[in-house]
file my_file39.tsv (TSV, C-alpha atoms)
chain	number	residue	atom	x	y	z
A	1	MET	CA	14.28	-11.41	22.80
A	2	ALA	CA	13.86	-12.09	19.09
A	3	SER	CA	16.62	-14.00	17.28
A	4	GLU	CA	19.13	-12.30	14.96
A	5	ILE	CA	17.81	-14.45	12.10
A	6	LEU	CA	14.32	-13.04	12.60
A	7	LYS	CA	15.59	-9.48	12.90
A	8	ARG	CA	17.51	-9.93	9.64
A	9	LYS	CA	14.42	-11.37	7.98
A	10	LEU	CA	12.47	-8.30	9.11
A	11	ARG	CA	15.08	-5.92	7.67
A	12	VAL	CA	14.90	-7.69	4.31
A	13	PHE	CA	11.09	-7.59	4.46
A	14	SER	CA	11.18	-3.87	5.21
A	15	GLN	CA	13.41	-3.11	2.23
A	16	HIS	CA	11.31	-5.34	0.00
A	17	LEU	CA	8.09	-3.55	0.98
A	18	PHE	CA	9.66	-0.13	0.62
A	19	PHE	CA	10.79	-0.71	-2.95
A	20	LYS	CA	7.66	-2.66	-3.90
A	21	TYR	CA	5.09	-0.16	-2.64
A	22	ARG	CA	6.85	3.20	-2.78
A	23	ARG	CA	5.76	3.70	-6.39
A	24	THR	CA	2.13	2.69	-5.81
A	25	ASN	CA	1.73	4.66	-2.56
A	26	LYS	CA	0.62	1.55	-0.66
A	27	LEU	CA	3.48	1.18	1.76
A	28	PRO	CA	2.32	-0.52	4.99
A	29	ALA	CA	2.65	1.67	8.07
A	30	THR	CA	3.90	-1.05	10.41
A	31	ILE	CA	5.73	-4.38	10.17
A	32	ILE	CA	6.89	-6.93	12.72
A	33	GLY	CA	8.56	-10.31	13.05
A	34	ALA	CA	7.49	-13.15	15.34
A	35	GLU	CA	8.82	-16.60	16.11
A	36	HIS	CA	8.20	-19.76	18.02
A	37	LYS	CA	11.15	-22.15	17.96
A	38	GLU	CA	11.93	-22.80	14.27
A	39	ILE	CA	8.84	-20.99	12.93
A	40	LYS	CA	9.73	-17.43	11.94
A	41	LYS	CA	7.29	-15.08	10.23
A	42	VAL	CA	7.05	-11.43	9.24
A	43	ASN	CA	3.91	-9.48	8.43
A	44	HIS	CA	2.44	-5.98	8.22
A	45	SER	CA	-0.62	-4.15	9.47
A	46	GLY	CA	-3.69	-4.60	7.26
A	47	LYS	CA	-7.06	-6.30	7.05
A	48	VAL	CA	-8.25	-8.76	9.70
A	49	PRO	CA	-6.61	-12.06	8.67
A	50	ASN	CA	-8.89	-14.70	7.21
A	51	PRO	CA	-8.92	-17.35	8.52
A	52	MET	CA	-8.27	-16.10	12.05
A	53	CYS	CA	-7.36	-18.78	14.59
A	54	SER	CA	-9.93	-19.15	17.38
A	55	LYS	CA	-7.30	-18.74	20.08
A	56	LEU	CA	-6.53	-15.20	18.95
A	57	GLU	CA	-10.09	-14.34	18.05
A	58	ASN	CA	-11.29	-15.29	21.54
A	59	GLU	CA	-8.85	-12.83	23.08
A	60	LEU	CA	-9.49	-10.04	20.57
A	61	VAL	CA	-13.28	-10.07	20.86
A	62	LYS	CA	-12.88	-9.35	24.57
A	63	ILE	CA	-11.73	-5.89	23.38
A	64	ALA	CA	-14.28	-5.36	20.60
A	65	GLN	CA	-15.66	-7.01	17.49
A	66	LEU	CA	-13.02	-7.81	14.89
A	67	GLY	CA	-12.50	-5.01	12.40
A	68	THR	CA	-14.12	-2.38	14.60
A	69	LYS	CA	-12.25	0.49	16.19
A	70	ALA	CA	-11.30	0.35	19.87
A	71	ASN	CA	-8.75	2.50	21.66
A	72	GLY	CA	-7.90	4.22	18.39
A	73	ASN	CA	-7.06	1.04	16.43
A	74	TYR	CA	-8.99	-1.49	14.37
A	75	VAL	CA	-9.16	-4.73	16.37
A	76	GLY	CA	-7.41	-7.62	14.63
A	77	CYS	CA	-5.64	-5.44	12.05
A	78	CYS	CA	-2.33	-4.86	13.83
A	79	CYS	CA	0.82	-6.51	12.55
A	80	GLU	CA	1.18	-8.37	15.89
A	81	VAL	CA	-2.15	-10.12	15.29
A	82	ARG	CA	-1.48	-10.92	11.65
A	83	VAL	CA	1.97	-12.38	12.27
A	84	SER	CA	1.04	-14.42	15.36
A	85	ASN	CA	-1.99	-15.76	13.50
A	86	GLU	CA	0.37	-17.08	10.84
A	87	ILE	CA	2.39	-18.95	13.47
A	88	ILE	CA	-0.65	-20.44	15.20
A	89	GLN	CA	-2.09	-21.48	11.85
A	90	ILE	CA	1.05	-23.56	11.35
A	91	ARG	CA	1.16	-24.96	14.89
A	92	ASN	CA	-2.11	-24.64	16.78
A	93	SER	CA	-0.57	-25.78	20.09
A	94	VAL	CA	1.56	-22.63	20.38
A	95	PRO	CA	0.33	-20.51	23.32
A	96	ILE	CA	-0.03	-16.81	22.53
A	97	SER	CA	2.28	-16.03	25.43
A	98	ALA	CA	5.07	-18.18	23.92
A	99	ILE	CA	5.36	-16.12	20.73
A	100	ILE	CA	8.41	-13.87	20.64
A	101	PHE	CA	8.20	-10.60	18.71
A	102	THR	CA	10.70	-8.17	17.25
A	103	ASP	CA	10.05	-4.48	17.67
A	104	ALA	CA	7.33	-3.16	15.37
A	105	ILE	CA	8.93	-0.99	12.67
A	106	ARG	CA	7.80	1.72	10.26
A	107	PRO	CA	9.30	0.57	6.92
A	108	ARG	CA	9.63	4.07	5.47
A	109	THR	CA	11.89	5.34	8.25
A	110	GLY	CA	12.96	2.43	10.45
A	111	GLN	CA	11.30	4.04	13.49
A	112	VAL	CA	10.27	1.69	16.29
A	113	ILE	CA	6.53	1.82	17.02
A	114	ARG	CA	5.17	1.19	20.49
A	115	ARG	CA	2.67	-1.63	20.98
A	116	CYS	CA	-0.93	-0.38	21.01
A	117	GLN	CA	-3.27	-0.81	23.95
A	118	ASN	CA	-5.25	-3.58	22.22
A	119	CYS	CA	-2.12	-5.63	21.50
A	120	ARG	CA	-0.77	-5.06	25.00
A	121	SER	CA	-3.90	-6.67	26.41
A	122	VAL	CA	-3.49	-9.73	24.15
A	123	PHE	CA	0.28	-10.17	23.90
A	124	GLY	CA	1.50	-8.38	27.00
B	1	MET	CA	-7.84	6.62	-5.28
B	2	ASP	CA	-7.80	2.87	-5.83
B	3	ILE	CA	-7.59	1.87	-2.19
B	4	ILE	CA	-10.39	1.65	0.33
B	5	PHE	CA	-10.33	4.47	2.86
B	6	GLU	CA	-10.21	2.05	5.83
B	7	GLU	CA	-7.29	0.21	4.24
B	8	ALA	CA	-5.39	3.48	4.03
B	9	PHE	CA	-5.52	3.60	7.84
B	10	PHE	CA	-2.85	0.86	7.80
B	11	LEU	CA	-0.73	2.48	5.12
B	12	ASP	CA	2.01	5.08	5.29
B	13	ILE	CA	0.83	6.99	2.24
B	14	ASN	CA	1.95	10.29	0.74
B	15	TRP	CA	-0.82	12.82	0.34
B	16	TYR	CA	-0.27	16.06	-1.47
B	17	PHE	CA	-1.51	19.62	-1.55
B	18	SER	CA	-0.32	23.04	-2.65
B	19	ASP	CA	-0.75	26.40	-0.99
B	20	THR	CA	-1.94	29.65	-2.44
B	21	TYR	CA	1.58	30.41	-3.73
B	22	LYS	CA	1.71	27.01	-5.48
B	23	ARG	CA	4.22	25.62	-3.00
B	24	LEU	CA	4.11	21.86	-3.16
B	25	CYS	CA	3.61	19.99	0.10
B	26	VAL	CA	3.64	16.26	0.80
B	27	VAL	CA	2.48	14.63	4.01
B	28	ALA	CA	3.70	11.19	5.11
B	29	SER	CA	0.58	9.82	6.80
B	30	GLY	CA	2.41	7.37	9.08
B	31	GLY	CA	-0.79	5.30	9.41
B	32	GLY	CA	-4.03	6.48	10.99
B	33	LEU	CA	-6.21	9.51	10.27
B	34	LEU	CA	-6.47	10.94	6.77
B	35	PRO	CA	-8.10	14.11	5.38
B	36	PHE	CA	-11.62	14.05	3.94
B	37	PHE	CA	-10.54	14.63	0.33
B	38	LEU	CA	-8.99	11.17	0.24
B	39	GLN	CA	-12.42	9.65	0.94
B	40	ASN	CA	-13.56	10.95	-2.42
B	41	GLN	CA	-13.14	8.08	-4.86
B	42	ASP	CA	-12.41	10.60	-7.61
B	43	ASN	CA	-9.39	12.08	-5.86
B	44	LYS	CA	-6.21	12.10	-7.93
B	45	ASN	CA	-3.71	11.68	-5.11
B	46	ASN	CA	-2.21	8.44	-6.37
B	47	GLU	CA	-2.15	9.72	-9.94
B	48	PHE	CA	-0.14	12.70	-8.72
B	49	HIS	CA	2.05	10.39	-6.63
B	50	ALA	CA	2.99	8.44	-9.75
B	51	ILE	CA	4.10	11.69	-11.39
B	52	VAL	CA	6.14	12.64	-8.32
B	53	TYR	CA	7.79	9.24	-8.31
B	54	GLU	CA	9.24	9.94	-11.75
B	55	LEU	CA	10.46	13.47	-10.99
B	56	PRO	CA	14.23	14.07	-10.92
B	57	GLU	CA	15.92	15.15	-7.70
B	58	ARG	CA	17.12	18.55	-8.88
B	59	PHE	CA	17.04	20.81	-5.82
B	60	ASN	CA	19.20	21.08	-2.76
B	61	SER	CA	17.35	20.37	0.46
B	62	GLU	CA	17.55	21.26	4.13
B	63	ARG	CA	16.48	19.25	7.15
B	64	ASN	CA	14.65	20.36	10.26
B	65	GLN	CA	17.61	20.87	12.61
B	66	ASN	CA	15.54	20.10	15.71
B	67	ILE	CA	14.09	16.86	14.42
B	68	LEU	CA	15.02	14.82	17.51
B	69	GLU	CA	12.89	17.13	19.64
B	70	ALA	CA	10.14	17.34	17.03
B	71	ILE	CA	9.45	13.64	16.38
B	72	THR	CA	8.40	11.35	19.22
B	73	ASP	CA	10.86	8.54	20.05
B	74	LEU	CA	13.19	9.30	17.11
B	75	LYS	CA	16.73	8.06	17.81
B	76	GLU	CA	19.88	9.90	16.76
B	77	ASP	CA	21.54	6.76	15.35
B	78	ASN	CA	18.60	6.28	12.97
B	79	LEU	CA	18.58	9.69	11.31
B	80	ASP	CA	19.96	8.79	7.88
B	81	GLN	CA	17.40	6.03	7.46
B	82	TYR	CA	14.69	8.31	8.81
B	83	PHE	CA	15.43	11.04	6.26
B	84	GLN	CA	16.14	8.83	3.24
B	85	ASP	CA	12.72	9.08	1.60
B	86	PHE	CA	11.97	12.59	2.90
B	87	ASP	CA	15.22	14.03	1.51
B	88	SER	CA	14.36	12.57	-1.87
B	89	LEU	CA	10.95	14.26	-1.89
B	90	ALA	CA	12.44	17.61	-0.87
B	91	LYS	CA	15.02	17.36	-3.67
B	92	LYS	CA	12.10	16.97	-6.06
B	93	GLY	CA	10.71	20.30	-4.85
B	94	PHE	CA	8.39	19.39	-1.97
B	95	PHE	CA	7.96	20.68	1.55
B	96	VAL	CA	7.81	17.39	3.45
B	97	TYR	CA	5.72	16.88	6.58
B	98	ASP	CA	5.85	13.83	8.84
B	99	LYS	CA	3.61	12.66	11.63
B	100	ILE	CA	4.92	13.73	15.03
B	101	ASN	CA	3.72	10.70	17.00
B	102	ILE	CA	3.37	7.51	14.96
B	103	ASN	CA	2.40	5.63	18.13
B	104	ASN	CA	-0.97	7.37	18.13
B	105	THR	CA	-3.13	6.60	15.08
B	106	GLU	CA	-5.61	9.32	16.07
B	107	ASP	CA	-3.01	12.07	16.27
B	108	SER	CA	-3.13	14.52	13.39
B	109	LYS	CA	-0.17	16.73	14.27
B	110	TYR	CA	2.62	16.97	11.72
B	111	VAL	CA	5.89	18.83	11.43
B	112	LEU	CA	8.04	20.02	8.53
B	113	VAL	CA	11.00	17.62	8.32
B	114	THR	CA	12.71	18.58	5.04
B	115	TYR	CA	12.27	21.29	2.42
B	116	PRO	CA	13.70	22.29	-0.95
B	117	ILE	CA	16.10	25.16	-1.51
B	118	TYR	CA	15.28	27.09	-4.67
B	119	ASP	CA	15.21	30.55	-6.11
B	120	THR	CA	11.87	31.45	-7.65
B	121	GLU	CA	13.61	33.85	-10.05
B	122	THR	CA	15.95	31.29	-11.57
B	123	ASP	CA	14.61	27.79	-10.84
B	124	SER	CA	11.75	26.40	-12.89
B	125	TYR	CA	8.64	25.00	-11.19
B	126	PRO	CA	8.96	21.25	-10.39
B	127	ILE	CA	5.79	20.12	-12.18
B	128	SER	CA	3.50	21.26	-14.97
B	129	LEU	CA	0.63	23.55	-13.94
B	130	GLU	CA	-1.75	21.04	-15.49
B	131	ASN	CA	-0.58	18.39	-13.02
B	132	LEU	CA	-0.94	20.88	-10.18
B	133	ASN	CA	-4.69	20.63	-10.68
B	134	LEU	CA	-4.60	17.00	-9.54
B	135	ILE	CA	-4.11	17.97	-5.88
B	136	PRO	CA	-6.04	20.18	-3.44
B	137	LYS	CA	-5.05	23.80	-3.11
B	138	THR	CA	-5.35	25.67	0.18
B	139	LYS	CA	-6.54	29.25	0.62
B	140	GLY	CA	-3.60	30.40	2.69
B	141	THR	CA	-0.06	29.28	3.26
B	142	ILE	CA	1.72	27.46	6.08
B	143	ILE	CA	5.18	28.20	4.71
B	144	SER	CA	6.86	31.51	5.40
B	145	ARG	CA	9.84	31.92	3.10
B	146	ASN	CA	11.45	34.07	0.47
B	147	ASN	CA	14.59	33.57	-1.58
B	148	ASP	CA	16.76	34.78	1.32
B	149	SER	CA	15.16	33.44	4.48
B	150	PHE	CA	13.17	30.58	5.91
B	151	SER	CA	11.19	31.34	9.05
B	152	LYS	CA	11.52	29.22	12.22
B	153	THR	CA	7.74	29.28	12.48
B	154	ASN	CA	7.68	26.80	9.60
B	155	PHE	CA	8.82	24.10	12.04
B	156	GLU	CA	5.99	24.50	14.50
B	157	PRO	CA	3.68	21.47	14.85
B	158	ILE	CA	0.48	21.75	12.84
B	159	ASP	CA	-2.76	19.78	12.64
B	160	LEU	CA	-2.60	19.17	8.91
B	161	ILE	CA	-5.75	17.04	8.75
B	162	ASP	CA	-7.77	19.89	10.19
B	163	TYR	CA	-5.87	22.39	8.04
B	164	ILE	CA	-6.58	20.67	4.74
B	165	ASN	CA	-10.17	19.84	5.70
B	166	ASN	CA	-10.93	23.48	6.44
B	167	LYS	CA	-8.63	25.53	4.21
B	168	GLN	CA	-9.09	23.71	0.94
B	169	GLU	CA	-10.29	25.95	-1.90
call {"tool": "encode", "arguments": {"input": "my_file39.tsv", "output": "structure tokens"}}
result
Amino acid sequence: MASEILKRKLRVFSQHLFFKYRRTNKLPATIIGAEHKEIKKVNHSGKVPNPMCSKLENELVKIAQLGTKANGNYVGCCCEVRVSNEIIQIRNSVPISAIIFTDAIRPRTGQVIRRCQNCRSVFG
Amino acid sequence: MDIIFEEAFFLDINWYFSDTYKRLCVVASGGGLLPFFLQNQDNKNNEFHAIVYELPERFNSERNQNILEAITDLKEDNLDQYFQDFDSLAKKGFFVYDKININNTEDSKYVLVTYPIYDTETDSYPISLENLNLIPKTKGTIISRNNDSFSKTNFEPIDLIDYINNKQE
């Protein structure tokens, strides 16, 4: 289960995004927090991260080419991928399975969003 | 629109249209599919959004009373946060639609979540008619209302992507 510190960080991130992007109509649809020991990161759905760590890329390309659509979602663009990539970029030894996530959230409403099929196959 | 269409797939954008009676509707995309008109680089959706952002909240609004049944996975203890932005849009004069199932990016079903209360004989129109030309107009209407009643049929799920793609004037 994700730490309270990370959950708080995600709430702050959500409010920040909402007020930053509400005016420009570019509010991200989904955000999430992830942690491994002292490393805590938050991120949102968006473009395929660049650079993408090879550990994640190897798992994602088993589904489909990065940036292409599979099972209704663009592979590599989910917030789970973007946030875990940040953590592995900092510490390459972190196994994907050791990353702990918060729930994925819709910033506009606070609704919890279920993990997509692509992310379930990579992160469980 | 100054964002790439594929990028919009990851955004929870507002897209706007009006019906044949000039009723103003806003759709919260919730991520995923978008109507064809937003693919047109000349569309004025974000220009209209900037105007809406500055509008005063001058109407009363009502919520969909069956929202917990209407929206997938919505929790009762989260309702105030859920409605915060939608209430604001309704108070500006918009019929507000939200995506029924945000877990499915390919789903295009939406439901009316909040709406403005106004009297067409006494309340002025929320925006200038010139600005109304910035958004698509549909041939028919999906809202059944008059100054005394608001039909329950307004809360039935609707495929708004298909609706706007096929009913746009």
call {"tool": "interface_residues", "arguments": {"input": "my_file39.tsv", "of": "chain B", "to": "chain A", "cutoff": "6 Å", "atoms": "all atoms listed in the file", "output": "ChimeraX atom specification"}}
result
/B:10-13,30-31,81-82,103
call {"tool": "write_last_selection", "arguments": {"input": "my_file39.tsv", "atoms": "C-alpha atoms", "output": "PDB file, keeping the file's coordinate frame"}}
result
ATOM      1  CA  PHE B  10      -2.850   0.860   7.800  1.00  0.00           C
ATOM      2  CA  LEU B  11      -0.730   2.480   5.120  1.00  0.00           C
ATOM      3  CA  ASP B  12       2.010   5.080   5.290  1.00  0.00           C
ATOM      4  CA  ILE B  13       0.830   6.990   2.240  1.00  0.00           C
ATOM      5  CA  GLY B  30       2.410   7.370   9.080  1.00  0.00           C
ATOM      6  CA  GLY B  31      -0.790   5.300   9.410  1.00  0.00           C
ATOM      7  CA  GLN B  81      17.400   6.030   7.460  1.00  0.00           C
ATOM      8  CA  TYR B  82      14.690   8.310   8.810  1.00  0.00           C
ATOM      9  CA  ASN B 103       2.400   5.630  18.130  1.00  0.00           C
TER      10      ASN B 103
END
call {"tool": "closest_residue", "arguments": {"input": "my_file39.tsv", "among": "B:Arg63, B:Arg23, B:His49, B:Lys91", "to": "B:Ser144", "atoms": "all atoms listed in the file"}}
result
B:Arg23
call {"tool": "residues_around", "arguments": {"input": "my_file39.tsv", "residues": "A:Val94", "least_positions_apart": "5", "cutoff": "10 Å", "atoms": "only C-alpha atoms", "output": "list in words"}}
result
His36, Lys37, Lys55, Ser84, Ile87, Ile88, Gln89 and Ile99 of chain A
call {"tool": "closest_residue", "arguments": {"input": "my_file39.tsv", "among": "B:Asn78, B:Thr141, B:Gln39, B:Gln84", "to": "B:Ser61", "atoms": "all atoms listed in the file"}}
result
B:Gln84
call {"tool": "atom_distance", "arguments": {"input": "my_file39.tsv", "atom1": "atom CA of A:Glu35", "atom2": "atom CA of A:Thr68"}}
result
27.0 Å
call {"tool": "residues_around", "arguments": {"input": "my_file39.tsv", "residues": "A:Cys119", "least_positions_apart": "3", "cutoff": "9 Å", "atoms": "all atoms listed in the file", "output": "PyMOL selection string"}}
result
chain A and resi 60+75-76+78+80-81+115-116+122-124
call {"tool": "closest_residue", "arguments": {"input": "my_file39.tsv", "among": "B:Phe48, B:Phe17, B:Tyr118, B:Tyr97", "to": "B:Glu169", "atoms": "only C-alpha atoms"}}
result
B:Phe17
call {"tool": "atom_distance", "arguments": {"input": "my_file39.tsv", "atom1": "atom CA of B:Leu34", "atom2": "atom CA of A:Val61"}}
result
26.2 Å
call {"tool": "atom_distance", "arguments": {"input": "my_file39.tsv", "atom1": "atom CA of B:Ala28", "atom2": "atom CA of B:Tyr53"}}
result
14.2 Å
call {"tool": "residues_near_point", "arguments": {"input": "my_file39.tsv", "point": "(-5.5, 28.2, 1.8)", "cutoff": "10 Å", "atoms": "only C-alpha atoms", "output": "NGL selection string"}}
result
:B and (18-21 or 136-142 or 163-164 or 166-169)
call {"tool": "residues_near_point", "arguments": {"input": "my_file39.tsv", "point": "(-8.2, -18.4, 8.2)", "cutoff": "12 Å", "atoms": "only C-alpha atoms", "output": "compact mmCIF listing (two decimals) with C-alpha atoms, in the frame of the given file"}}
result
# COMPACT_ATOMS: atom_id res chain seq x y z
CA VAL A 48 -8.25 -8.76 9.70
CA PRO A 49 -6.61 -12.06 8.67
CA ASN A 50 -8.89 -14.70 7.21
CA PRO A 51 -8.92 -17.35 8.52
CA MET A 52 -8.27 -16.10 12.05
CA CYS A 53 -7.36 -18.78 14.59
CA SER A 54 -9.93 -19.15 17.38
CA LYS A 55 -7.30 -18.74 20.08
CA LEU A 56 -6.53 -15.20 18.95
CA GLU A 57 -10.09 -14.34 18.05
CA ARG A 82 -1.48 -10.92 11.65
CA ASN A 85 -1.99 -15.76 13.50
CA GLU A 86 0.37 -17.08 10.84
CA ILE A 87 2.39 -18.95 13.47
CA ILE A 88 -0.65 -20.44 15.20
CA GLN A 89 -2.09 -21.48 11.85
CA ILE A 90 1.05 -23.56 11.35
call {"tool": "closest_residue", "arguments": {"input": "my_file39.tsv", "among": "B:Asn133, B:Lys109, B:Ile102, B:Val26", "to": "B:Asp85", "atoms": "only C-alpha atoms"}}
result
B:Val26
call {"tool": "residues_around", "arguments": {"input": "my_file39.tsv", "residues": "A:Phe101", "least_positions_apart": "6", "cutoff": "6 Å", "atoms": "only C-alpha atoms", "output": "ChimeraX atom specification"}}
result
/A:2,33-34
call {"tool": "decode", "arguments": {"input": "my_file39.tsv", "residues": "stretch 43-74 of chain B", "atoms": "C-alpha atoms", "output": "mmCIF file, in the first residue's frame"}}
result
data_model
loop_
_atom_site.group_PDB
_atom_site.id
_atom_site.type_symbol
_atom_site.label_atom_id
_atom_site.label_comp_id
_atom_site.auth_asym_id
_atom_site.auth_seq_id
_atom_site.Cartn_x
_atom_site.Cartn_y
_atom_site.Cartn_z
ATOM 1 C CA ASN B 43 -11.724 24.479 -34.594
ATOM 2 C CA LYS B 44 -12.380 27.183 -32.012
ATOM 3 C CA ASN B 45 -13.074 24.943 -29.032
ATOM 4 C CA ASN B 46 -10.256 26.263 -26.870
ATOM 5 C CA GLU B 47 -11.023 29.846 -27.867
ATOM 6 C CA PHE B 48 -14.590 29.294 -26.674
ATOM 7 C CA HIS B 49 -13.301 27.568 -23.533
ATOM 8 C CA ALA B 50 -11.304 30.678 -22.640
ATOM 9 C CA ILE B 51 -14.495 32.737 -22.901
ATOM 10 C CA VAL B 52 -16.387 30.251 -20.724
ATOM 11 C CA TYR B 53 -13.631 30.356 -18.134
ATOM 12 C CA GLU B 54 -14.253 34.074 -17.632
ATOM 13 C CA LEU B 55 -18.056 33.845 -17.434
ATOM 14 C CA PRO B 56 -19.711 34.626 -14.091
ATOM 15 C CA GLU B 57 -21.651 31.932 -12.253
ATOM 16 C CA ARG B 58 -25.063 33.583 -12.391
ATOM 17 C CA PHE B 59 -27.591 30.743 -12.599
ATOM 18 C CA ASN B 60 -28.868 28.243 -10.100
ATOM 19 C CA SER B 61 -28.086 24.663 -11.023
ATOM 20 C CA GLU B 62 -29.473 21.191 -10.425
ATOM 21 C CA ARG B 63 -27.662 17.881 -10.254
ATOM 22 C CA ASN B 64 -28.594 14.527 -11.733
ATOM 23 C CA GLN B 65 -30.243 12.914 -8.698
ATOM 24 C CA ASN B 66 -29.327 9.400 -9.823
ATOM 25 C CA ILE B 67 -25.670 10.117 -10.413
ATOM 26 C CA LEU B 68 -24.402 7.158 -8.349
ATOM 27 C CA GLU B 69 -26.271 4.788 -10.655
ATOM 28 C CA ALA B 70 -25.333 6.758 -13.767
ATOM 29 C CA ILE B 71 -21.542 6.984 -13.392
ATOM 30 C CA THR B 72 -19.437 3.825 -13.145
ATOM 31 C CA ASP B 73 -17.587 3.346 -9.830
ATOM 32 C CA LEU B 74 -18.592 6.765 -8.435
#
